[in-house]
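Some notes on the structure that comes next.
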Amino acid sequence: MTKSLEQLEDECRIAYKQHIPAINKYEKTFEETKKALKTLSIDADEKIIFCTEFIAGSASYGQFIVTNRQCIISKPRLTRLEVEYYHFDKIRSVKIKKSIMKSLVQIHLDAGKDIEFTHLKCDKVVNVINKAINDYKYPKVKKIEKEEVKATDEQDPISEIERLGSLFEKKLITEEEFNLLKNKVINGL
């Protein structure tokens, strides 16, 4: 199931406003955004976290949207809008390319293709993209409750270390937490 145009518009407006004035210069009417959003297809469970315009040509602007899973670029062509979707799994790196005339946001893909676009606040755009990719690839995991840790003291040590290993493999605890809890079990012998 995909988001409706109204949902996309509302989420983009909120995401756009969150970055005023750091990245986006002013609150706009979203009339141009509505045209771009009509061509997008975003899953209902995806969250739009960033929306901005970029310079797509001498007299045109494109839309750049970041969700919690992908980057979306919508740019005008002669008779239509062209939309490109780049899932975070396919993005190798995101950097700034500086030159004398202008700076570019560069998105390097696994396929060897690079996407570049001009933005007045390239450094901040790159930071937002990299944070979104990092949050996607390394989601925050639930911390172990104190009751669970207390219960570990009451179990036999080998079973407890195996249980902790299982939690670590499932990425429910970090390597640091695993080592800390494992050492606690071993020191309690």
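All residue names refer to the structure tokens as shown: chains lettered A, B, ... in order, residues numbered from 1 in each chain, ligands numbered from 1 in order.
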Counting only C-alpha atoms, what are the residues of range 39-91 of chain A within 9 Å of range 121-130 of chain A, and for each of them which pair of atoms is the nearest and at what distance in Å, to one decimal? Sort the table by chain and rising number, as CSV.
residue,atom,partner,partner_atom,distance
A:Ile49,CA,A:Val128,CA,8.9
A:Phe50,CA,A:Val128,CA,7.6
A:Thr52,CA,A:Val125,CA,8.8
A:Val66,CA,A:Ile129,CA,7.0
A:Cys71,CA,A:Ile129,CA,8.0
Keeping only C-alpha atoms, write the selected residues as an mmCIF file, in the first residue's frame.
data_model
loop_
_atom_site.group_PDB
_atom_site.id
_atom_site.type_symbol
_atom_site.label_atom_id
_atom_site.label_comp_id
_atom_site.auth_asym_id
_atom_site.auth_seq_id
_atom_site.Cartn_x
_atom_site.Cartn_y
_atom_site.Cartn_z
ATOM 1 C CA ILE A 49 12.362 12.771 7.060
ATOM 2 C CA PHE A 50 13.792 15.361 4.694
ATOM 3 C CA THR A 52 14.300 20.152 -0.147
ATOM 4 C CA VAL A 66 14.853 11.304 2.031
ATOM 5 C CA CYS A 71 16.645 8.872 -1.352
#
For this session: Extract, using only C-alpha atoms, all DNA, RNA and protein residues at most 12 Å from Gln7 in chain A, discarding same-chain residues fewer than 5 positions from it, and format them as JSON, numbers by chain.
Result: {"A": [2, 12, 13, 14, 34, 37, 38, 40, 41, 42, 43, 44, 45, 46, 47, 48]}
Problem set entry | Residues flagged strand (DSSP E) by DSSP in chain A, as a PyMOL selection string | chain A and resi 48-55+61-67+70-76+81-87+91-98+103-109+114-118
Would you put the residues from that selection into a file with N, CA and C atoms, as a CSV table (one decimal), in the first residue's frame?
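Listed below is the output, selection.csv:
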chain,number,residue,atom,x,y,z
A,48,ILE,N,8.8,10.1,5.7
A,48,ILE,CA,9.6,11.2,5.0
A,48,ILE,C,10.3,12.0,6.1
A,49,ILE,N,11.6,12.1,6.0
A,49,ILE,CA,12.4,12.8,7.1
A,49,ILE,C,13.1,14.0,6.5
A,50,PHE,N,13.1,14.2,5.2
A,50,PHE,CA,13.8,15.4,4.7
A,50,PHE,C,13.2,15.7,3.3
A,51,CYS,N,13.0,16.9,3.0
A,51,CYS,CA,12.5,17.4,1.7
A,51,CYS,C,13.2,18.7,1.4
A,52,THR,N,13.7,18.9,0.3
A,52,THR,CA,14.3,20.2,-0.1
A,52,THR,C,14.3,20.3,-1.7
A,53,GLU,N,14.5,21.5,-2.1
A,53,GLU,CA,14.7,21.7,-3.6
A,53,GLU,C,16.2,21.7,-3.9
A,54,PHE,N,16.5,21.4,-5.1
A,54,PHE,CA,17.9,21.6,-5.6
A,54,PHE,C,17.9,22.2,-7.0
A,55,ILE,N,19.0,22.7,-7.3
A,55,ILE,CA,19.1,23.3,-8.7
A,55,ILE,C,19.3,22.2,-9.7
A,61,TYR,N,14.2,23.7,-10.9
A,61,TYR,CA,14.5,23.1,-9.6
A,61,TYR,C,13.9,21.7,-9.5
A,62,GLY,N,14.6,20.8,-8.8
A,62,GLY,CA,14.1,19.5,-8.6
A,62,GLY,C,13.8,19.3,-7.1
A,63,GLN,N,13.2,18.2,-6.8
A,63,GLN,CA,12.9,17.8,-5.4
A,63,GLN,C,13.8,16.7,-5.0
A,64,PHE,N,14.3,16.8,-3.8
A,64,PHE,CA,15.1,15.8,-3.2
A,64,PHE,C,14.4,15.4,-1.9
A,65,ILE,N,14.1,14.1,-1.7
A,65,ILE,CA,13.4,13.6,-0.6
A,65,ILE,C,14.1,12.4,0.0
A,66,VAL,N,14.2,12.4,1.3
A,66,VAL,CA,14.9,11.3,2.0
A,66,VAL,C,13.8,10.7,2.9
A,67,THR,N,13.6,9.4,2.8
A,67,THR,CA,12.7,8.7,3.7
A,67,THR,C,13.6,7.9,4.7
A,70,GLN,N,15.2,5.3,1.8
A,70,GLN,CA,15.7,5.7,0.4
A,70,GLN,C,15.8,7.2,0.2
A,71,CYS,N,16.6,7.5,-0.8
A,71,CYS,CA,16.6,8.9,-1.4
A,71,CYS,C,15.8,8.9,-2.7
A,72,ILE,N,15.1,10.0,-2.8
A,72,ILE,CA,14.3,10.1,-4.0
A,72,ILE,C,14.6,11.4,-4.7
A,73,ILE,N,14.9,11.4,-6.0
A,73,ILE,CA,15.2,12.6,-6.7
A,73,ILE,C,14.1,12.7,-7.8
A,74,SER,N,13.5,13.9,-7.8
A,74,SER,CA,12.5,14.2,-8.9
A,74,SER,C,13.0,15.5,-9.6
A,75,LYS,N,13.2,15.3,-10.9
A,75,LYS,CA,13.7,16.5,-11.6
A,75,LYS,C,13.0,16.7,-12.9
A,76,PRO,N,12.8,17.9,-13.3
A,76,PRO,CA,12.0,18.2,-14.5
A,76,PRO,C,12.8,17.9,-15.8
A,81,LEU,N,8.2,14.9,-15.5
A,81,LEU,CA,9.1,14.8,-14.3
A,81,LEU,C,9.8,13.4,-14.3
A,82,GLU,N,11.1,13.4,-14.1
A,82,GLU,CA,11.8,12.1,-14.0
A,82,GLU,C,12.0,11.8,-12.5
A,83,VAL,N,11.7,10.6,-12.0
A,83,VAL,CA,11.8,10.3,-10.6
A,83,VAL,C,12.8,9.1,-10.5
A,84,GLU,N,13.8,9.2,-9.6
A,84,GLU,CA,14.8,8.2,-9.4
A,84,GLU,C,14.7,7.8,-7.9
A,85,TYR,N,14.7,6.5,-7.6
A,85,TYR,CA,14.7,6.0,-6.3
A,85,TYR,C,16.1,5.3,-6.0
A,86,TYR,N,16.7,5.6,-4.9
A,86,TYR,CA,18.0,5.0,-4.5
A,86,TYR,C,17.8,4.5,-3.1
A,87,HIS,N,17.7,3.2,-2.9
A,87,HIS,CA,17.5,2.5,-1.6
A,87,HIS,C,18.9,2.6,-0.9
A,91,ILE,N,23.5,2.5,-1.7
A,91,ILE,CA,24.4,3.7,-1.6
A,91,ILE,C,25.7,3.4,-0.9
A,92,ARG,N,26.8,3.7,-1.5
A,92,ARG,CA,28.1,3.4,-1.0
A,92,ARG,C,28.5,4.5,-0.1
A,93,SER,N,28.4,5.8,-0.5
A,93,SER,CA,28.8,6.9,0.3
A,93,SER,C,28.1,8.2,-0.2
A,94,VAL,N,28.1,9.2,0.6
A,94,VAL,CA,27.5,10.5,0.3
A,94,VAL,C,28.5,11.5,0.7
A,95,LYS,N,29.0,12.4,-0.2
A,95,LYS,CA,30.0,13.4,0.1
A,95,LYS,C,29.7,14.7,-0.6
A,96,ILE,N,30.5,15.7,-0.2
A,96,ILE,CA,30.4,17.0,-0.9
A,96,ILE,C,31.6,17.1,-1.9
A,97,LYS,N,31.3,17.6,-3.0
A,97,LYS,CA,32.3,17.9,-4.0
A,97,LYS,C,32.4,19.4,-4.2
A,98,LYS,N,33.5,20.0,-3.8
A,98,LYS,CA,33.6,21.4,-3.8
A,98,LYS,C,34.4,21.8,-5.0
A,103,SER,N,29.3,24.0,-5.1
A,103,SER,CA,29.5,22.7,-4.4
A,103,SER,C,28.4,21.8,-4.9
A,104,LEU,N,28.7,20.5,-4.8
A,104,LEU,CA,27.7,19.5,-5.2
A,104,LEU,C,27.5,18.4,-4.1
A,105,VAL,N,26.3,17.9,-4.0
A,105,VAL,CA,26.1,16.7,-3.2
A,105,VAL,C,26.3,15.5,-4.1
A,106,GLN,N,27.2,14.7,-3.7
A,106,GLN,CA,27.6,13.5,-4.5
A,106,GLN,C,27.1,12.2,-3.8
A,107,ILE,N,26.3,11.4,-4.5
A,107,ILE,CA,25.8,10.2,-3.9
A,107,ILE,C,26.4,9.1,-4.8
A,108,HIS,N,27.3,8.3,-4.2
A,108,HIS,CA,28.0,7.2,-4.9
A,108,HIS,C,27.2,5.9,-4.7
A,109,LEU,N,26.9,5.2,-5.8
A,109,LEU,CA,26.1,4.0,-5.7
A,109,LEU,C,27.0,2.8,-5.9
A,114,ASP,N,27.3,7.7,-10.1
A,114,ASP,CA,27.2,8.8,-9.1
A,114,ASP,C,26.1,9.7,-9.5
A,115,ILE,N,25.4,10.2,-8.5
A,115,ILE,CA,24.3,11.2,-8.6
A,115,ILE,C,24.9,12.5,-8.0
A,116,GLU,N,24.7,13.6,-8.7
A,116,GLU,CA,25.2,14.9,-8.2
A,116,GLU,C,24.1,15.9,-8.4
A,117,PHE,N,24.0,16.8,-7.4
A,117,PHE,CA,23.1,17.9,-7.6
A,117,PHE,C,23.6,19.1,-6.8
A,118,THR,N,23.3,20.3,-7.2
A,118,THR,CA,23.7,21.5,-6.5
A,118,THR,C,22.7,21.9,-5.5
For this session: Mind giving me the straight-line distance from CA of Leu181 in chain A to CA of Leu164 in chain A in Å, one decimal?
Result: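 Spanning CA of Leu181 in chain A to CA of Leu164 in chain A is a straight-line distance of 7.6 Å.
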Exercise. Distance CA of Asn68 in chain A-CA of Tyr16 in chain A, one decimal place?
Worked result: 15.0 Å
Problem set entry | Option closest in space to Ile23 in chain A, from A:Lys171, A:Arg80, A:His119, A:Lys3 [counting only C-alpha atoms] | A:His119
Exercise. Among chain A, which ones does DSSP place in helix (DSSP H, G or I), written as a PyMOL selection string?
Worked result: chain A and resi 5-18+31-37+88-90+122-137+146-154+157-169+175-187
Exercise. Restricting the calculation to only C-alpha atoms, which member of A:Lys184, A:Arg163, A:Lys137, A:Lys25 is positioned closest to Asp89 in chain A?
Worked result: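 With only C-alpha atoms as the atom set, the closest residue is A:Lys137.
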Exercise. Using only C-alpha atoms, which residue out of A:Phe178, A:Lys140, A:Ile186, A:Gly112 lies closest to Ser166 in chain A?
Worked result: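 Smallest distance to Ser166 in chain A is found for A:Phe178.
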